[in-house]
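Visitor: Structure provided below as structure tokens; questions to follow.
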Amino acid sequence: MASTTLPDCHWELCHRFMARYQHLFREGQVATLAHFFANTQLAISGHAHQTGQLLLELVRDQAEVKLEVENVENGVGEEAELESVPTEVTIKQEASEDGECAARKELEEPAGVVVELSKSTQIATENAEITSMEVSSNSNDPPMIKPPQMEPTRHDSDAEIIAKLTFFKPSQYIRSLENLYRNLVIFDTDFDKTINELNRLGSGTLFIAGHELQAGQCRGMVCLRETVLADACGITVQQAKGKAKEEFLRNMKAFCYQIVSKNPTLPPIQIARLWDPATNIEYYKSIMQKSTEEKTQRELIFSEEFTENEQDILKRIACGLNLETSCVRRAHGRPQLKVRARAAPALAIVEQIVVHNDPKLNEQYDA
């Protein structure tokens, strides 16, 4: 087979890619990604046939893969499996050779099982009817009518909201920087908010690490698995982590969408225990509804006076209103319940503003 050489433009694309991303990956990874990037660009720009020939040569170099492909194309594996499965003619021939008595015995045994099962089922049904008649005859109370169950109000989950996106649909798994750029949305230039929104997608998790170096310096890093996306040095580990967060946001702003809240963040509202939630559900439900209807949509924090069982009741009320709940843990005292409005994922907000020009979201965010 005639070998297909790589064009000069392929190497030029590789060199540009490696020069741009050599600080983010190891040398071998950068080279592999560079070739993949160049092949993709050449395929898009009209060199699809040449790129396909290169990929075909790489596949055919693997003898095992080639053998499996040829077997599937020729149907060798399927024929071998079909030959091992006994057909109806073969079964009849074997039955006739062994004698009609043996064949008749094999046919009668399953029928006997079916007859026995049907008899036992009939007996069980008759017993159930007799039992129900005895209970109804012995009881003087009127028959109990079971009230119809009310179906709870169903709200779309994050996964369902994301599945409906058409323009900003995220990658299912983050395997490259392009996937990260597609999924990440800078939220209020805040690292924690940005990472929380990314974690809602379930496609990958960023983490920040820090350690001490020699000569009294410390290093902070923002990482995606083993890949370092941003790093910085500082006098303390905390300072190094803070600088790494700033560096990460500064780098991502060049590739990712951003949303900024127009309304200022107000402190949460403290809710004292005036009534028992078990007997005053409507009272606490109205408080939660009122907080979500306001434009500010301030968070609610219920005091430590609420017991664990009462907090469970409040959680069920919030769940019925499609509100988010979490626990606020302090150094001393009982954990407190926090309730807040469930905002749509950041990618959904960006799509509604950029593509659909949603007036309500335009009042809340700049994108």
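For the structure tokens, the naming scheme is as follows: chains receive sequential letters (A, B, ...) according to their order of presentation, residues are indexed from 1 within each chain, and ligands are indexed from 1 in presentation order.
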Write out as a PyMOL selection string each polymer residue whose atoms come within 8 Å of region 190-192 of chain A, counting only C-alpha atoms; drop sequence neighbours fewer than 4 positions from it.

Guide: chain A and resi 186+196+245-246+249

Visitor: Output N, CA, C and O atoms for every residue in that selection, as a PDB file, in the first residue's frame.

Guide:
```pdb
ATOM      1  N   ILE A 186     -18.517  31.517  33.776  1.00  0.00           N
ATOM      2  CA  ILE A 186     -18.006  32.341  34.866  1.00  0.00           C
ATOM      3  C   ILE A 186     -19.185  33.069  35.511  1.00  0.00           C
ATOM      4  O   ILE A 186     -19.872  33.855  34.860  1.00  0.00           O
ATOM      5  N   ASN A 196     -19.445  25.540  41.539  1.00  0.00           N
ATOM      6  CA  ASN A 196     -20.724  24.922  41.895  1.00  0.00           C
ATOM      7  C   ASN A 196     -21.602  24.717  40.665  1.00  0.00           C
ATOM      8  O   ASN A 196     -22.267  23.682  40.525  1.00  0.00           O
ATOM      9  N   LYS A 245      -6.844  30.909  42.034  1.00  0.00           N
ATOM     10  CA  LYS A 245      -8.250  31.121  41.655  1.00  0.00           C
ATOM     11  C   LYS A 245      -8.380  32.331  40.733  1.00  0.00           C
ATOM     12  O   LYS A 245      -9.092  32.283  39.715  1.00  0.00           O
ATOM     13  N   GLU A 246      -7.710  33.428  41.075  1.00  0.00           N
ATOM     14  CA  GLU A 246      -7.774  34.629  40.239  1.00  0.00           C
ATOM     15  C   GLU A 246      -7.177  34.368  38.860  1.00  0.00           C
ATOM     16  O   GLU A 246      -7.718  34.819  37.844  1.00  0.00           O
ATOM     17  N   LEU A 249      -9.721  32.252  36.773  1.00  0.00           N
ATOM     18  CA  LEU A 249     -10.831  33.048  36.244  1.00  0.00           C
ATOM     19  C   LEU A 249     -10.362  33.973  35.123  1.00  0.00           C
ATOM     20  O   LEU A 249     -11.065  34.169  34.131  1.00  0.00           O
TER      21      LEU A 249
END
```

Visitor: Could you name the residues that touch Arg225 (chain A) at 9 Å or less, counting only C-alpha atoms, but leaving out those on the same chain fewer than 6 positions away, as a list in words?

Guide: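 After dropping sequence-adjacent residues, the list is Gly204, Thr205, Leu206 and Phe207 of chain A.
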
Visitor: Could you state the separation of CA of Lys338 (chain A) and CA of Glu305 (chain A) in Å, given to one decimal place?

Guide: 13.6 Å

Visitor: What lies within 12 Å of region 154-169 of chain A using only C-alpha atoms, ignoring chain neighbours under 4 positions off, as a compact mmCIF listing (two decimals) with all heavy atoms, in the first residue's frame?

Guide:
```txt
# COMPACT_ATOMS: atom_id res chain seq x y z
N MET A 150 -52.96 12.24 45.97
CA MET A 150 -52.65 13.45 45.21
C MET A 150 -51.22 13.36 44.71
O MET A 150 -50.28 13.13 45.48
CB MET A 150 -52.82 14.70 46.10
CG MET A 150 -54.22 14.88 46.65
SD MET A 150 -55.42 15.16 45.33
CE MET A 150 -54.86 16.76 44.75
N TYR A 173 -18.92 14.47 29.25
CA TYR A 173 -17.74 14.29 30.09
C TYR A 173 -16.66 15.27 29.62
O TYR A 173 -16.49 15.48 28.41
CB TYR A 173 -17.20 12.86 29.99
CG TYR A 173 -18.17 11.80 30.43
CD1 TYR A 173 -18.82 11.00 29.50
CD2 TYR A 173 -18.47 11.62 31.78
CE1 TYR A 173 -19.73 10.03 29.91
CE2 TYR A 173 -19.38 10.65 32.19
CZ TYR A 173 -20.00 9.86 31.24
OH TYR A 173 -20.90 8.92 31.65
N ASN A 179 -13.91 20.80 25.88
CA ASN A 179 -15.09 20.39 26.67
C ASN A 179 -15.27 21.32 27.87
O ASN A 179 -16.40 21.68 28.22
CB ASN A 179 -14.94 18.96 27.15
CG ASN A 179 -14.87 17.96 26.02
OD1 ASN A 179 -14.21 16.94 26.13
ND2 ASN A 179 -15.53 18.24 24.91
N TYR A 181 -14.25 24.48 28.15
CA TYR A 181 -14.70 25.78 27.69
C TYR A 181 -16.21 25.75 27.39
O TYR A 181 -16.91 26.75 27.60
CB TYR A 181 -13.95 26.20 26.43
CG TYR A 181 -12.46 26.37 26.62
CD1 TYR A 181 -11.58 26.22 25.55
CD2 TYR A 181 -11.93 26.66 27.87
CE1 TYR A 181 -10.22 26.37 25.72
CE2 TYR A 181 -10.56 26.80 28.04
CZ TYR A 181 -9.71 26.66 26.96
OH TYR A 181 -8.36 26.79 27.15
N ARG A 182 -16.71 24.63 26.90
CA ARG A 182 -18.12 24.52 26.54
C ARG A 182 -19.02 24.45 27.77
O ARG A 182 -20.13 24.97 27.77
CB ARG A 182 -18.34 23.27 25.68
CG ARG A 182 -19.74 23.14 25.13
CD ARG A 182 -19.85 21.92 24.21
NE ARG A 182 -21.17 21.85 23.61
CZ ARG A 182 -21.53 22.49 22.50
NH1 ARG A 182 -20.67 23.25 21.88
NH2 ARG A 182 -22.75 22.36 22.02
N ASN A 183 -18.53 23.83 28.84
CA ASN A 183 -19.36 23.61 30.02
C ASN A 183 -19.25 24.71 31.06
O ASN A 183 -20.18 24.91 31.84
CB ASN A 183 -18.98 22.27 30.68
CG ASN A 183 -19.41 21.07 29.86
OD1 ASN A 183 -19.73 21.19 28.69
ND2 ASN A 183 -19.42 19.91 30.47
N LEU A 184 -18.13 25.39 31.10
CA LEU A 184 -17.88 26.34 32.19
C LEU A 184 -18.50 27.71 31.88
O LEU A 184 -18.39 28.21 30.77
CB LEU A 184 -16.37 26.50 32.40
CG LEU A 184 -15.94 27.26 33.66
CD1 LEU A 184 -16.27 26.45 34.91
CD2 LEU A 184 -14.45 27.57 33.61
N VAL A 185 -19.15 28.28 32.88
CA VAL A 185 -19.69 29.63 32.80
C VAL A 185 -19.19 30.40 34.02
O VAL A 185 -19.39 29.97 35.16
CB VAL A 185 -21.24 29.63 32.79
CG1 VAL A 185 -21.78 31.06 32.80
CG2 VAL A 185 -21.76 28.88 31.58
N GLU A 197 -21.61 25.70 39.76
CA GLU A 197 -22.39 25.55 38.54
C GLU A 197 -21.83 24.44 37.65
O GLU A 197 -22.58 23.69 37.03
CB GLU A 197 -22.41 26.87 37.75
CG GLU A 197 -23.28 27.93 38.38
CD GLU A 197 -24.75 27.54 38.41
OE1 GLU A 197 -25.20 26.84 37.49
OE2 GLU A 197 -25.44 27.91 39.37
N LEU A 198 -20.51 24.32 37.60
CA LEU A 198 -19.91 23.24 36.82
C LEU A 198 -20.24 21.88 37.42
O LEU A 198 -20.53 20.92 36.69
CB LEU A 198 -18.39 23.44 36.74
CG LEU A 198 -17.62 22.39 35.93
CD1 LEU A 198 -18.01 22.46 34.46
CD2 LEU A 198 -16.12 22.57 36.10
N ASN A 199 -20.23 21.78 38.73
CA ASN A 199 -20.53 20.51 39.39
C ASN A 199 -21.98 20.08 39.16
O ASN A 199 -22.28 18.88 39.19
CB ASN A 199 -20.25 20.61 40.89
CG ASN A 199 -18.77 20.77 41.19
OD1 ASN A 199 -17.92 20.45 40.36
ND2 ASN A 199 -18.45 21.27 42.37
N ARG A 200 -22.89 21.03 38.95
CA ARG A 200 -24.28 20.68 38.69
C ARG A 200 -24.44 19.89 37.40
O ARG A 200 -25.39 19.13 37.23
CB ARG A 200 -25.14 21.95 38.61
CG ARG A 200 -25.29 22.68 39.93
CD ARG A 200 -26.08 23.97 39.78
NE ARG A 200 -27.48 23.73 39.45
CZ ARG A 200 -28.38 24.69 39.34
NH1 ARG A 200 -28.02 25.95 39.52
NH2 ARG A 200 -29.63 24.40 39.04
N LEU A 201 -23.50 20.06 36.45
CA LEU A 201 -23.59 19.35 35.18
C LEU A 201 -23.18 17.89 35.32
O LEU A 201 -23.56 17.06 34.49
CB LEU A 201 -22.70 20.04 34.13
CG LEU A 201 -22.98 21.52 33.86
CD1 LEU A 201 -22.03 22.04 32.81
CD2 LEU A 201 -24.42 21.73 33.45
N GLY A 202 -22.38 17.57 36.34
CA GLY A 202 -21.94 16.19 36.54
C GLY A 202 -20.99 15.70 35.48
O GLY A 202 -20.85 14.49 35.27
N SER A 203 -20.31 16.58 34.77
CA SER A 203 -19.41 16.17 33.68
C SER A 203 -17.95 16.09 34.12
O SER A 203 -17.13 15.50 33.42
CB SER A 203 -19.52 17.17 32.52
OG SER A 203 -19.25 18.50 32.97
N CYS A 256 -14.70 31.38 27.85
CA CYS A 256 -16.00 30.95 28.38
C CYS A 256 -16.97 32.13 28.46
O CYS A 256 -16.57 33.29 28.50
CB CYS A 256 -15.85 30.32 29.77
SG CYS A 256 -14.67 28.95 29.84
N TYR A 257 -18.26 31.79 28.50
CA TYR A 257 -19.29 32.80 28.72
C TYR A 257 -19.30 33.24 30.18
O TYR A 257 -18.88 32.50 31.07
CB TYR A 257 -20.67 32.25 28.34
CG TYR A 257 -20.96 32.35 26.86
CD1 TYR A 257 -20.66 31.30 26.00
CD2 TYR A 257 -21.54 33.49 26.32
CE1 TYR A 257 -20.92 31.39 24.64
CE2 TYR A 257 -21.81 33.59 24.97
CZ TYR A 257 -21.50 32.54 24.13
OH TYR A 257 -21.77 32.64 22.79
N CYS A 319 -39.39 21.29 49.16
CA CYS A 319 -39.31 20.43 47.98
C CYS A 319 -40.58 20.56 47.14
O CYS A 319 -40.53 20.58 45.90
CB CYS A 319 -39.08 18.98 48.40
SG CYS A 319 -38.93 17.82 47.03
N GLY A 320 -41.74 20.67 47.79
CA GLY A 320 -42.98 20.85 47.06
C GLY A 320 -43.05 22.17 46.32
O GLY A 320 -43.77 22.29 45.33
N LEU A 321 -42.30 23.17 46.79
CA LEU A 321 -42.25 24.48 46.13
C LEU A 321 -41.07 24.62 45.18
O LEU A 321 -40.80 25.71 44.68
CB LEU A 321 -42.18 25.59 47.19
CG LEU A 321 -43.38 25.69 48.14
CD1 LEU A 321 -43.10 26.72 49.23
CD2 LEU A 321 -44.65 26.04 47.38
N ASN A 322 -40.35 23.51 44.95
CA ASN A 322 -39.18 23.50 44.05
C ASN A 322 -38.09 24.45 44.55
O ASN A 322 -37.50 25.21 43.79
CB ASN A 322 -39.59 23.87 42.63
CG ASN A 322 -38.49 23.53 41.61
OD1 ASN A 322 -37.72 22.61 41.82
ND2 ASN A 322 -38.43 24.30 40.54
N LEU A 323 -37.82 24.39 45.86
CA LEU A 323 -36.77 25.20 46.46
C LEU A 323 -35.61 24.31 46.88
O LEU A 323 -35.79 23.12 47.16
CB LEU A 323 -37.31 25.96 47.68
CG LEU A 323 -38.49 26.88 47.45
CD1 LEU A 323 -38.96 27.51 48.75
CD2 LEU A 323 -38.14 27.97 46.43
N GLU A 324 -34.42 24.87 46.91
CA GLU A 324 -33.23 24.15 47.32
C GLU A 324 -33.06 24.26 48.83
O GLU A 324 -33.34 25.30 49.43
CB GLU A 324 -31.99 24.70 46.63
CG GLU A 324 -31.93 24.40 45.15
CD GLU A 324 -30.64 24.89 44.53
OE1 GLU A 324 -29.86 25.57 45.24
OE2 GLU A 324 -30.40 24.60 43.34
N ARG A 342 -34.52 27.86 43.62
CA ARG A 342 -33.73 26.99 42.74
C ARG A 342 -33.53 27.71 41.40
O ARG A 342 -34.47 27.82 40.60
CB ARG A 342 -34.44 25.66 42.53
CG ARG A 342 -33.62 24.64 41.74
CD ARG A 342 -34.45 23.41 41.45
NE ARG A 342 -34.91 22.78 42.67
CZ ARG A 342 -34.18 21.89 43.35
NH1 ARG A 342 -32.98 21.55 42.93
NH2 ARG A 342 -34.66 21.34 44.46
N ALA A 343 -32.33 28.16 41.18
CA ALA A 343 -32.03 28.85 39.93
C ALA A 343 -31.73 27.83 38.83
O ALA A 343 -31.26 26.72 39.10
CB ALA A 343 -30.83 29.78 40.11
N ALA A 344 -31.99 28.21 37.60
CA ALA A 344 -31.67 27.34 36.47
C ALA A 344 -30.16 27.23 36.33
O ALA A 344 -29.41 28.11 36.78
CB ALA A 344 -32.29 27.90 35.19
N PRO A 345 -29.64 26.16 35.73
CA PRO A 345 -28.20 26.06 35.51
C PRO A 345 -27.68 27.24 34.70
O PRO A 345 -28.41 27.84 33.89
CB PRO A 345 -28.05 24.74 34.72
CG PRO A 345 -29.26 23.95 35.09
CD PRO A 345 -30.36 24.94 35.29
N ALA A 346 -26.43 27.59 34.94
CA ALA A 346 -25.86 28.78 34.31
C ALA A 346 -25.91 28.69 32.78
O ALA A 346 -26.17 29.69 32.10
CB ALA A 346 -24.42 28.97 34.78
N LEU A 347 -25.69 27.50 32.22
CA LEU A 347 -25.75 27.36 30.77
C LEU A 347 -27.15 27.65 30.24
O LEU A 347 -27.32 28.23 29.17
CB LEU A 347 -25.32 25.95 30.36
CG LEU A 347 -23.82 25.72 30.15
CD1 LEU A 347 -23.54 24.26 29.83
CD2 LEU A 347 -23.28 26.61 29.05
N ALA A 348 -28.17 27.23 30.99
CA ALA A 348 -29.55 27.52 30.58
C ALA A 348 -29.84 29.01 30.63
O ALA A 348 -30.54 29.55 29.77
CB ALA A 348 -30.52 26.74 31.46
N ILE A 349 -29.29 29.69 31.63
CA ILE A 349 -29.46 31.14 31.73
C ILE A 349 -28.81 31.84 30.54
O ILE A 349 -29.39 32.76 29.93
CB ILE A 349 -28.89 31.66 33.06
CG1 ILE A 349 -29.68 31.09 34.24
CG2 ILE A 349 -28.91 33.19 33.09
CD1 ILE A 349 -29.11 31.46 35.59
N VAL A 350 -27.60 31.40 30.19
CA VAL A 350 -26.90 32.00 29.04
C VAL A 350 -27.70 31.80 27.76
O VAL A 350 -27.86 32.73 26.96
CB VAL A 350 -25.49 31.37 28.90
CG1 VAL A 350 -24.83 31.83 27.61
CG2 VAL A 350 -24.62 31.77 30.09
N GLU A 351 -28.24 30.61 27.56
CA GLU A 351 -29.01 30.36 26.33
C GLU A 351 -30.28 31.20 26.29
O GLU A 351 -30.64 31.75 25.24
CB GLU A 351 -29.36 28.88 26.22
CG GLU A 351 -30.21 28.56 24.99
CD GLU A 351 -30.29 27.08 24.71
OE1 GLU A 351 -29.25 26.41 24.76
OE2 GLU A 351 -31.40 26.60 24.42
N GLN A 352 -30.98 31.31 27.42
CA GLN A 352 -32.21 32.09 27.44
C GLN A 352 -31.95 33.57 27.17
O GLN A 352 -32.78 34.25 26.56
CB GLN A 352 -32.91 31.92 28.79
CG GLN A 352 -33.50 30.54 29.01
CD GLN A 352 -34.59 30.21 28.02
OE1 GLN A 352 -35.41 31.06 27.67
NE2 GLN A 352 -34.61 28.97 27.55
N ILE A 353 -30.79 34.07 27.62
CA ILE A 353 -30.48 35.50 27.42
C ILE A 353 -29.92 35.74 26.02
O ILE A 353 -30.39 36.63 25.29
CB ILE A 353 -29.48 35.98 28.49
CG1 ILE A 353 -30.13 35.94 29.88
CG2 ILE A 353 -29.00 37.39 28.17
CD1 ILE A 353 -29.19 36.32 31.00
N VAL A 354 -28.93 34.94 25.61
CA VAL A 354 -28.24 35.18 24.34
C VAL A 354 -29.10 34.80 23.15
O VAL A 354 -29.15 35.53 22.15
CB VAL A 354 -26.90 34.41 24.32
CG1 VAL A 354 -26.21 34.57 22.98
CG2 VAL A 354 -25.99 34.90 25.44
N VAL A 355 -29.78 33.65 23.24
CA VAL A 355 -30.52 33.15 22.08
C VAL A 355 -31.97 33.63 22.09
O VAL A 355 -32.48 34.13 21.08
CB VAL A 355 -30.47 31.60 22.06
CG1 VAL A 355 -31.25 31.06 20.86
CG2 VAL A 355 -29.02 31.12 22.02
N HIS A 356 -32.65 33.49 23.22
CA HIS A 356 -34.09 33.78 23.28
C HIS A 356 -34.40 35.17 23.84
O HIS A 356 -35.58 35.55 23.85
CB HIS A 356 -34.80 32.72 24.12
CG HIS A 356 -34.56 31.32 23.64
ND1 HIS A 356 -35.11 30.83 22.48
CD2 HIS A 356 -33.80 30.32 24.15
CE1 HIS A 356 -34.72 29.58 22.29
NE2 HIS A 356 -33.93 29.24 23.30
```

Visitor: Just want the 7 Å neighbourhood of Ile235 (chain A), counted on only C-alpha atoms, with same-chain residues fewer than 5 positions away dropped. Output as a list in words.

Guide: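 Once the nearby chain positions are removed, what remains is Gly216, Gln217 and Cys218 of chain A.
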
Visitor: Choose the residue, out of A:Leu6, A:Leu314, A:Val228, A:Ile281, that has the smallest atom-to-atom separation from Gln22 (chain A); count only C-alpha atoms.

Guide: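 Once distances to Gln22 (chain A) are computed over only C-alpha atoms, the minimum belongs to A:Val228.
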
Visitor: Can you tell me which residues surround region 360-366 of chain A at a distance of at most 6 Å, considering only C-alpha atoms, apart from same-chain residues fewer than 5 positions away, and format the answer as a list in words?

Guide: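 The residues satisfying every condition are Ile259, Val260, Ser261 and Lys262 of chain A.
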
Visitor: Find the residues near Arg334 (chain A): any atom within 12 Å, counting only C-alpha atoms, skip ones fewer than 2 places away on the same chain, and give them as a short mmCIF file (atom, residue, chain, number, x, y, z; two decimals) with N, CA and C atoms, in the first residue's frame.

Guide:
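out.cif written:
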```
data_model
loop_
_atom_site.label_atom_id
_atom_site.label_comp_id
_atom_site.auth_asym_id
_atom_site.auth_seq_id
_atom_site.Cartn_x
_atom_site.Cartn_y
_atom_site.Cartn_z
N PHE A 302 -33.43 29.01 58.96
CA PHE A 302 -34.30 28.71 60.11
C PHE A 302 -33.43 28.51 61.36
N SER A 303 -33.90 29.03 62.45
CA SER A 303 -33.10 29.09 63.68
C SER A 303 -32.80 27.69 64.23
N GLU A 304 -31.91 27.65 65.21
CA GLU A 304 -31.53 26.39 65.84
C GLU A 304 -32.65 25.79 66.69
N GLU A 305 -33.70 26.55 66.93
CA GLU A 305 -34.80 26.05 67.76
C GLU A 305 -35.56 24.91 67.09
N PHE A 306 -35.49 24.81 65.75
CA PHE A 306 -36.19 23.74 65.04
C PHE A 306 -35.43 22.42 65.23
N THR A 307 -36.16 21.40 65.65
CA THR A 307 -35.56 20.09 65.85
C THR A 307 -35.29 19.43 64.49
N GLU A 308 -34.64 18.28 64.55
CA GLU A 308 -34.32 17.57 63.31
C GLU A 308 -35.58 17.12 62.59
N GLN A 311 -37.18 20.10 60.97
CA GLN A 311 -36.45 20.48 59.76
C GLN A 311 -36.80 19.58 58.58
N CYS A 327 -27.77 22.59 54.68
CA CYS A 327 -27.52 22.78 56.12
C CYS A 327 -26.39 23.75 56.34
N VAL A 328 -26.56 24.62 57.29
CA VAL A 328 -25.52 25.55 57.70
C VAL A 328 -24.95 25.04 59.02
N ARG A 329 -23.73 24.60 58.98
CA ARG A 329 -23.09 24.02 60.17
C ARG A 329 -22.17 25.05 60.80
N ARG A 330 -22.28 25.17 62.10
CA ARG A 330 -21.45 26.11 62.85
C ARG A 330 -20.58 25.34 63.84
N ALA A 331 -19.60 26.04 64.36
CA ALA A 331 -18.68 25.38 65.31
C ALA A 331 -19.43 24.89 66.54
N HIS A 332 -20.39 25.66 67.01
CA HIS A 332 -21.17 25.27 68.19
C HIS A 332 -22.65 25.42 67.86
N GLN A 336 -28.36 24.44 61.08
CA GLN A 336 -29.55 25.20 60.69
C GLN A 336 -29.90 24.89 59.24
N LEU A 337 -31.20 24.98 58.96
CA LEU A 337 -31.70 24.72 57.61
C LEU A 337 -31.70 26.01 56.80
#
```
